[in-house]
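A.B. asks: Handing you this structure, nothing more for now.
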Amino acid sequence: MRSTAILATLLLVFSSISLFIGVIELDITNLFSKEGLEILFISRFPRLLAIILSGVALSVAGLIMQQLVQNNFVSPTTGGTISSAQLGILIALIFIPDSSIYGRAIFAFIVAMIGTWIYVGFIQAIKFKDSVMVALVGIMFGYVIGGITSYLAFRYGLVQTLSTWLTGSFSLIIKGRYEILYITLPLVVVAFLFANYFNIVGLGKEFSKNLGVPYSVVLFLGMSLAAMLTASVVVVVGAISYIGLIVPNLIKMFKGDNLKGTLVDTALFGALFVLVCDILGRLIMAPYELPIDLIAGVLGSLVFIALIFIKLKKGDKKVVAFVKGCGGFIKVKNEN
C-alpha cells in the first residue's frame with residue numbers, strides 16, 4: 001500500500017505540473033479567465049487524461065501478456081500487437097476512407113486480437129521455449145506484419161496518413177479526439193477480476209487443468225484484453241514502444257510476480273512514466289515537441305539498466321531471480 005500511495009501522489013503532482021506546460025502560457029493568474037478555462041478543458045485536461053489512460057493501458061497489457069506466457073520479454077511491442085493494430089487501422093482507411101475514429105478502432109481491435117492469437121499459436125508450437133527465442137519470434141512476427149502494412153500503404157498511397165499511427169504523439173490530442181481511451185477502465189477492471197486465473201494459466205496447461213481452470217478460455221480472454229488495451233492507444237495516440245515491456249518488469253523487481261498484487265502499481269507507474277516522458281518531450285525543444293515514442297524509448301532503457309545495476313549492487317535476490325528469468329544470459333555474481 002505504501003508504494004501505491006507514493007505512486008498515486010507522484011502522479012497527482014506531475015499531473016498538476018503537466019497542466020501548466022504548453023505553447024500557450026497558462027498560469028495561476030489567468031487560469032480562471034475565459035481563455036484560460038478554454039485552454040484547460042479543450043486541450044490540457046484531454047491531453048492529461050489521454051496520457052494517463054495510455055500509460056495504464058500499455059503497462060497493464062504488457063503485464064497480462066508476460067504473466068500468461070511467463071516471459072519477461074513479451075509485450076505489445078515484441079508480441080506483434082502494436083503492428084497488428086496499425087494494420088487494422090490501414091485496412092479501415094483502405095476500405096472505409098471516411099470512417100470515424102470508432103470505426104478504425106473496431107478494425108484495430110479485431111486485427112490486433114487476430115495478430116496476438118497468431119503469436120500465441122506460434123509460441124505454443126515452439127518446442128524449445130527459450131525466453132529469448134519466444135521474444136524473437138514475436139519481434140520477427142511484428143516485422144512481417146509491419147512489412148505487409150508498409151506495402152499496402154505504398155500500394156494505396158496512404159504512407160503519409162499512416163505515419164500518424166507509426167510514432168506515438170500527444171500533440172494532436174484535444175477534446176473529442178481521445179474519449180475512446182475510456183474503454184481502458186472497464187478492461188483494467190476485468191483484468192483485475194481475472195488476475196488469479198491469469199496467474200494459474202501462467203503456470204502451465206497441466207497445472208490449470210488440475211485446478212479446474214479452463215486454460216484455453218482464460219488464455220483467450222487475457223490476450224484479447226491485452227490486444228484491445230493496446231489497440232485503443234494506437235488508434236488515438238499511435239505506437240508507443242517499450243512501455244509494456246519496461247514498466248511491468250520494473251514493478252515486478254520490487255513486488256514479485258503476483259498479477260493481482262502488482263496490477264494497480266503497474267497501472268499507476270505506467271501512467272506516471274508516460275506523463276514524465278511527455279513533460280520532457282515538451283520541455284527539451286520548447287516550443288516544439290519531441291514524440292513520446294522517442295523519449296519513452298531512451299528514458300525507459302536508461303532507467304531499466306540503472307535499476308538493474310543498483311539492485312544488483314545491493315544483492316537483492318528478487319533481481320537475481322528476475323535476471324535469470326530473462327534468459328540467463330547475464331552473469332550474476334552477488335546471489336547472497
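By order of appearance in the C-alpha cells: chains A, B, ..., then residues from 1 within every chain, and ligands from 1 in the order shown.
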Would you pick out the contacts of Ile89 (chain A) at 8 Å or less, using only C-alpha atoms, so that residues sharing its chain but fewer than 2 positions from it are not included, and give the list as a list of chain:residue names?

C.D. replies: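 Residues near the query, excluding close chain neighbours: A:Ala85, A:Gln86, A:Leu87, A:Ile91, A:Ala92, A:Leu93, A:Arg104, A:Ala105, A:Phe107, A:Ala108, A:Val235.
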
A.B. asks: What's the 8 Å shell around Ile180 (chain A), counting only C-alpha atoms, without same-chain residues fewer than 5 positions away, as a list of chain:residue names?

C.D. replies: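 Listed by chain and then number, they are A:Tyr102, A:Ser232, A:Val236.
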
A.B. asks: Excluding Ile279 (chain A) and residues on its chain fewer than 4 positions from it, collect all residues at most 9 Å away from it, counting only C-alpha atoms, and give them as a list of chain:residue names.

C.D. replies: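 After dropping sequence-adjacent residues, the list is A:Phe14, A:Ile17, A:Ser18, A:Ile21, A:Val274, A:Leu275, A:Leu283, A:Ile284.
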
A.B. asks: When you look at Gly147 (chain A) with a cut-off of 12 Å (counting only C-alpha atoms), what residues show up, excluding the ones that are within fewer than 4 positions of it in the same chain? I need them as a PyMOL selection string.

C.D. replies: chain A and resi 80+83-84+86-87+140-143+151-154

A.B. asks: Save the residues we just selected, N, CA, C and O atoms, as a short mmCIF file (atom, residue, chain, number, x, y, z; two decimals), in the first residue's frame?

C.D. replies:
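Below is the file out.cif, written as the result:
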```
data_model
loop_
_atom_site.label_atom_id
_atom_site.label_comp_id
_atom_site.auth_asym_id
_atom_site.auth_seq_id
_atom_site.Cartn_x
_atom_site.Cartn_y
_atom_site.Cartn_z
N GLY A 80 3.95 -8.35 -31.47
CA GLY A 80 3.30 -8.03 -32.73
C GLY A 80 1.93 -7.38 -32.58
O GLY A 80 1.24 -7.14 -33.58
N SER A 83 1.92 -3.71 -34.08
CA SER A 83 1.98 -3.78 -35.55
C SER A 83 0.63 -4.22 -36.13
O SER A 83 0.18 -3.70 -37.17
N SER A 84 -0.01 -5.19 -35.45
CA SER A 84 -1.31 -5.67 -35.94
C SER A 84 -2.37 -4.58 -35.85
O SER A 84 -3.21 -4.45 -36.74
N GLN A 86 -1.85 -1.39 -36.08
CA GLN A 86 -1.58 -0.44 -37.17
C GLN A 86 -2.12 -0.99 -38.49
O GLN A 86 -2.68 -0.23 -39.30
N LEU A 87 -1.95 -2.30 -38.72
CA LEU A 87 -2.50 -2.90 -39.94
C LEU A 87 -4.02 -2.78 -39.97
O LEU A 87 -4.61 -2.50 -41.02
N MET A 140 10.08 -10.85 -34.88
CA MET A 140 10.06 -11.18 -36.32
C MET A 140 8.64 -11.15 -36.87
O MET A 140 8.39 -10.65 -37.97
N PHE A 141 7.69 -11.66 -36.08
CA PHE A 141 6.29 -11.63 -36.49
C PHE A 141 5.81 -10.18 -36.66
O PHE A 141 5.12 -9.84 -37.63
N GLY A 142 6.22 -9.32 -35.74
CA GLY A 142 5.86 -7.90 -35.84
C GLY A 142 6.44 -7.25 -37.09
O GLY A 142 5.77 -6.43 -37.73
N TYR A 143 7.68 -7.64 -37.45
CA TYR A 143 8.28 -7.08 -38.67
C TYR A 143 7.53 -7.55 -39.92
O TYR A 143 7.39 -6.79 -40.90
N TYR A 151 3.69 -2.20 -47.32
CA TYR A 151 3.37 -2.49 -48.73
C TYR A 151 1.98 -1.95 -49.09
O TYR A 151 1.81 -1.28 -50.12
N LEU A 152 1.00 -2.25 -48.22
CA LEU A 152 -0.36 -1.79 -48.51
C LEU A 152 -0.43 -0.26 -48.50
O LEU A 152 -1.16 0.34 -49.30
N ALA A 153 0.32 0.37 -47.59
CA ALA A 153 0.32 1.84 -47.53
C ALA A 153 0.89 2.43 -48.83
O ALA A 153 0.35 3.41 -49.37
N PHE A 154 2.00 1.83 -49.33
CA PHE A 154 2.56 2.30 -50.61
C PHE A 154 1.59 2.02 -51.76
O PHE A 154 1.38 2.86 -52.64
#
```

A.B. asks: What is the distance, in Å and to one decimal place, between CA of Glu38 (chain A) and CA of Ile24 (chain A)?

C.D. replies: 11.5 Å

A.B. asks: Using DSSP secondary structure from the backbone, list all alpha helix (DSSP H) positions within region 31-250 of chain A, as a PyMOL selection string.

C.D. replies: chain A and resi 34-39+45-69+81-95+101-125+131-155+159-166+184-193+195-202+205-210+215-236+243-250

A.B. asks: Considering only C-alpha atoms, return as an mmCIF file with all heavy atoms, in the first residue's frame whatever protein or nucleic-acid residues lie within 7 Å of Ile251 (chain A), sequence-local ones (same chain, fewer than 3 positions apart) excluded.

C.D. replies:
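Okay, selection04.cif is ready:
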```
data_model
loop_
_atom_site.group_PDB
_atom_site.id
_atom_site.type_symbol
_atom_site.label_atom_id
_atom_site.label_comp_id
_atom_site.auth_asym_id
_atom_site.auth_seq_id
_atom_site.Cartn_x
_atom_site.Cartn_y
_atom_site.Cartn_z
ATOM 1 N N VAL A 247 7.753 -1.143 -17.863
ATOM 2 C CA VAL A 247 7.002 -0.856 -16.630
ATOM 3 C C VAL A 247 6.676 -2.121 -15.827
ATOM 4 O O VAL A 247 6.958 -2.181 -14.621
ATOM 5 C CB VAL A 247 5.731 -0.047 -16.963
ATOM 6 C CG1 VAL A 247 4.836 0.072 -15.731
ATOM 7 C CG2 VAL A 247 6.102 1.324 -17.487
ATOM 8 N N PRO A 248 6.086 -3.170 -16.439
ATOM 9 C CA PRO A 248 5.806 -4.378 -15.635
ATOM 10 C C PRO A 248 7.062 -5.001 -15.036
ATOM 11 O O PRO A 248 7.046 -5.466 -13.900
ATOM 12 C CB PRO A 248 5.152 -5.321 -16.652
ATOM 13 C CG PRO A 248 4.619 -4.446 -17.711
ATOM 14 C CD PRO A 248 5.589 -3.317 -17.809
ATOM 15 N N PHE A 254 10.353 -5.260 -7.675
ATOM 16 C CA PHE A 254 10.170 -4.865 -6.279
ATOM 17 C C PHE A 254 8.987 -5.568 -5.600
ATOM 18 O O PHE A 254 8.963 -5.691 -4.379
ATOM 19 C CB PHE A 254 9.951 -3.345 -6.187
ATOM 20 C CG PHE A 254 11.129 -2.559 -6.653
ATOM 21 C CD1 PHE A 254 11.200 -2.084 -7.960
ATOM 22 C CD2 PHE A 254 12.188 -2.304 -5.800
ATOM 23 C CE1 PHE A 254 12.293 -1.356 -8.397
ATOM 24 C CE2 PHE A 254 13.290 -1.585 -6.235
ATOM 25 C CZ PHE A 254 13.347 -1.101 -7.532
ATOM 26 N N LYS A 255 8.005 -6.027 -6.386
ATOM 27 C CA LYS A 255 6.790 -6.552 -5.760
ATOM 28 C C LYS A 255 6.476 -8.005 -6.122
ATOM 29 O O LYS A 255 5.443 -8.535 -5.717
ATOM 30 C CB LYS A 255 5.585 -5.678 -6.122
ATOM 31 C CG LYS A 255 5.719 -4.231 -5.647
ATOM 32 C CD LYS A 255 4.398 -3.552 -5.522
ATOM 33 C CE LYS A 255 3.573 -4.122 -4.415
ATOM 34 N NZ LYS A 255 2.334 -3.378 -4.164
ATOM 35 N N THR A 262 0.384 -6.717 -8.215
ATOM 36 C CA THR A 262 1.198 -5.730 -8.931
ATOM 37 C C THR A 262 0.402 -4.891 -9.924
ATOM 38 O O THR A 262 0.927 -3.904 -10.439
ATOM 39 C CB THR A 262 2.329 -6.433 -9.705
ATOM 40 O OG1 THR A 262 1.750 -7.388 -10.614
ATOM 41 C CG2 THR A 262 3.271 -7.154 -8.768
ATOM 42 N N THR A 266 1.449 -1.266 -11.252
ATOM 43 C CA THR A 266 1.869 -1.232 -12.662
ATOM 44 C C THR A 266 1.096 -0.166 -13.433
ATOM 45 O O THR A 266 1.684 0.596 -14.221
ATOM 46 C CB THR A 266 1.646 -2.606 -13.313
ATOM 47 O OG1 THR A 266 2.408 -3.593 -12.607
ATOM 48 C CG2 THR A 266 2.071 -2.600 -14.768
#
```

A.B. asks: Quick one: residues within 7 Å of Gly36 (chain A), only C-alpha atoms, excluding same-chain residues fewer than 5 positions away - as a PyMOL selection string?

C.D. replies: chain A and resi 26+30-31

A.B. asks: Next, the residues of the selection above should be written as an mmCIF file, in the first residue's frame with N, CA, C and O atoms.

C.D. replies:
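Just written: out-v4.cif:
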```
data_model
loop_
_atom_site.group_PDB
_atom_site.id
_atom_site.type_symbol
_atom_site.label_atom_id
_atom_site.label_comp_id
_atom_site.auth_asym_id
_atom_site.auth_seq_id
_atom_site.Cartn_x
_atom_site.Cartn_y
_atom_site.Cartn_z
ATOM 1 N N LEU A 26 -0.099 29.397 -19.613
ATOM 2 C CA LEU A 26 -1.214 29.247 -18.678
ATOM 3 C C LEU A 26 -0.640 29.155 -17.270
ATOM 4 O O LEU A 26 0.170 28.274 -16.970
ATOM 5 N N ASN A 30 -4.099 33.554 -14.792
ATOM 6 C CA ASN A 30 -5.115 33.577 -15.859
ATOM 7 C C ASN A 30 -5.852 32.248 -15.976
ATOM 8 O O ASN A 30 -6.524 31.990 -16.976
ATOM 9 N N LEU A 31 -5.718 31.395 -14.942
ATOM 10 C CA LEU A 31 -6.318 30.058 -15.010
ATOM 11 C C LEU A 31 -7.836 30.104 -15.100
ATOM 12 O O LEU A 31 -8.444 29.311 -15.817
#
```

A.B. asks: With distances taken over only C-alpha atoms, which residue among A:Met253, A:Leu49, A:Val111, A:Val190 lies nearest Ile64 (chain A)?

C.D. replies: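 Between A:Met253, A:Leu49, A:Val111, A:Val190, the residue approaching Ile64 (chain A) most closely is A:Val190.
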
A.B. asks: Near Tyr119 (chain A), counting only C-alpha atoms, which residues have an atom at most 12 Å away, once you skip same-chain residues fewer than 5 positions from it, shown as a ChimeraX atom specification?

C.D. replies: /A:65,69,74-81,83-84,112-114,124-126,134-142,144-145,220,223,227

A.B. asks: Please produce a file of those selected residues containing N, CA, C and O atoms, as a compact mmCIF listing (two decimals), in the first residue's frame.

C.D. replies:
```txt
# COMPACT_ATOMS: atom_id res chain seq x y z
N MET A 65 0.28 -10.00 -20.72
CA MET A 65 0.96 -10.87 -21.69
C MET A 65 2.13 -11.59 -21.05
O MET A 65 2.33 -12.79 -21.26
N VAL A 69 2.25 -15.87 -20.60
CA VAL A 69 3.26 -16.70 -21.28
C VAL A 69 4.51 -16.89 -20.43
O VAL A 69 5.45 -17.55 -20.87
N VAL A 74 8.14 -10.51 -23.28
CA VAL A 74 6.94 -10.38 -24.12
C VAL A 74 6.20 -9.09 -23.75
O VAL A 74 6.07 -8.75 -22.57
N SER A 75 5.72 -8.39 -24.75
CA SER A 75 4.98 -7.14 -24.55
C SER A 75 4.19 -6.85 -25.83
O SER A 75 4.37 -7.55 -26.83
N PRO A 76 3.32 -5.84 -25.82
CA PRO A 76 2.62 -5.50 -27.06
C PRO A 76 3.57 -5.17 -28.21
O PRO A 76 3.24 -5.38 -29.38
N THR A 77 4.76 -4.66 -27.89
CA THR A 77 5.75 -4.34 -28.93
C THR A 77 6.39 -5.61 -29.47
O THR A 77 6.49 -5.80 -30.70
N THR A 78 6.85 -6.49 -28.58
CA THR A 78 7.57 -7.69 -29.01
C THR A 78 6.63 -8.85 -29.32
O THR A 78 7.10 -9.93 -29.69
N GLY A 79 5.32 -8.66 -29.15
CA GLY A 79 4.37 -9.71 -29.49
C GLY A 79 3.60 -9.42 -30.77
O GLY A 79 2.70 -10.18 -31.12
N GLY A 80 3.95 -8.35 -31.47
CA GLY A 80 3.30 -8.03 -32.73
C GLY A 80 1.93 -7.38 -32.58
O GLY A 80 1.24 -7.14 -33.58
N THR A 81 1.52 -7.06 -31.36
CA THR A 81 0.17 -6.49 -31.15
C THR A 81 0.07 -5.07 -31.69
O THR A 81 -0.93 -4.71 -32.34
N SER A 83 1.92 -3.71 -34.08
CA SER A 83 1.98 -3.78 -35.55
C SER A 83 0.63 -4.22 -36.13
O SER A 83 0.18 -3.70 -37.17
N SER A 84 -0.01 -5.19 -35.45
CA SER A 84 -1.31 -5.67 -35.94
C SER A 84 -2.37 -4.58 -35.85
O SER A 84 -3.21 -4.45 -36.74
N ALA A 112 -5.75 -6.59 -34.17
CA ALA A 112 -4.80 -6.74 -33.06
C ALA A 112 -5.04 -8.05 -32.32
O ALA A 112 -4.09 -8.74 -31.94
N MET A 113 -6.30 -8.40 -32.11
CA MET A 113 -6.60 -9.67 -31.44
C MET A 113 -6.17 -10.85 -32.30
O MET A 113 -5.58 -11.82 -31.80
N ILE A 114 -6.47 -10.79 -33.61
CA ILE A 114 -6.05 -11.89 -34.50
C ILE A 114 -4.53 -12.03 -34.49
O ILE A 114 -3.99 -13.14 -34.39
N GLN A 124 3.20 -21.46 -28.80
CA GLN A 124 2.77 -22.75 -28.30
C GLN A 124 3.27 -23.89 -29.19
O GLN A 124 3.42 -25.02 -28.73
N ALA A 125 3.54 -23.56 -30.46
CA ALA A 125 4.05 -24.57 -31.38
C ALA A 125 5.56 -24.78 -31.24
O ALA A 125 6.10 -25.79 -31.71
N ILE A 126 6.23 -23.82 -30.59
CA ILE A 126 7.68 -23.94 -30.43
C ILE A 126 8.00 -24.95 -29.33
O ILE A 126 7.51 -24.83 -28.20
N VAL A 134 11.32 -16.95 -27.65
CA VAL A 134 9.90 -16.58 -27.69
C VAL A 134 9.75 -15.10 -28.06
O VAL A 134 8.89 -14.74 -28.88
N ALA A 135 10.58 -14.25 -27.46
CA ALA A 135 10.52 -12.82 -27.78
C ALA A 135 10.96 -12.54 -29.22
O ALA A 135 10.37 -11.71 -29.91
N LEU A 136 12.00 -13.25 -29.68
CA LEU A 136 12.49 -13.04 -31.04
C LEU A 136 11.43 -13.43 -32.08
O LEU A 136 11.28 -12.76 -33.10
N VAL A 137 10.70 -14.51 -31.79
CA VAL A 137 9.62 -14.90 -32.69
C VAL A 137 8.59 -13.77 -32.80
O VAL A 137 8.12 -13.44 -33.89
N GLY A 138 8.27 -13.15 -31.66
CA GLY A 138 7.32 -12.04 -31.67
C GLY A 138 7.84 -10.83 -32.43
O GLY A 138 7.09 -10.19 -33.17
N ILE A 139 9.13 -10.53 -32.26
CA ILE A 139 9.72 -9.39 -32.98
C ILE A 139 9.70 -9.64 -34.48
O ILE A 139 9.32 -8.75 -35.27
N MET A 140 10.08 -10.85 -34.88
CA MET A 140 10.06 -11.18 -36.32
C MET A 140 8.64 -11.15 -36.87
O MET A 140 8.39 -10.65 -37.97
N PHE A 141 7.69 -11.66 -36.08
CA PHE A 141 6.29 -11.63 -36.49
C PHE A 141 5.81 -10.18 -36.66
O PHE A 141 5.12 -9.84 -37.63
N GLY A 142 6.22 -9.32 -35.74
CA GLY A 142 5.86 -7.90 -35.84
C GLY A 142 6.44 -7.25 -37.09
O GLY A 142 5.77 -6.43 -37.73
N VAL A 144 7.09 -8.81 -39.89
CA VAL A 144 6.31 -9.31 -41.05
C VAL A 144 5.02 -8.50 -41.20
O VAL A 144 4.67 -8.05 -42.30
N ILE A 145 4.32 -8.31 -40.08
CA ILE A 145 3.08 -7.52 -40.12
C ILE A 145 3.38 -6.08 -40.56
O ILE A 145 2.65 -5.49 -41.37
N PHE A 220 -7.32 -17.08 -23.96
CA PHE A 220 -8.01 -16.29 -25.00
C PHE A 220 -8.49 -14.96 -24.44
O PHE A 220 -8.30 -13.90 -25.05
N MET A 223 -5.33 -12.55 -23.56
CA MET A 223 -4.68 -12.00 -24.75
C MET A 223 -5.60 -11.02 -25.49
O MET A 223 -5.14 -10.02 -26.06
N ALA A 227 -4.77 -7.15 -26.26
CA ALA A 227 -4.87 -6.62 -27.62
C ALA A 227 -5.77 -5.40 -27.69
O ALA A 227 -5.45 -4.39 -28.35
```
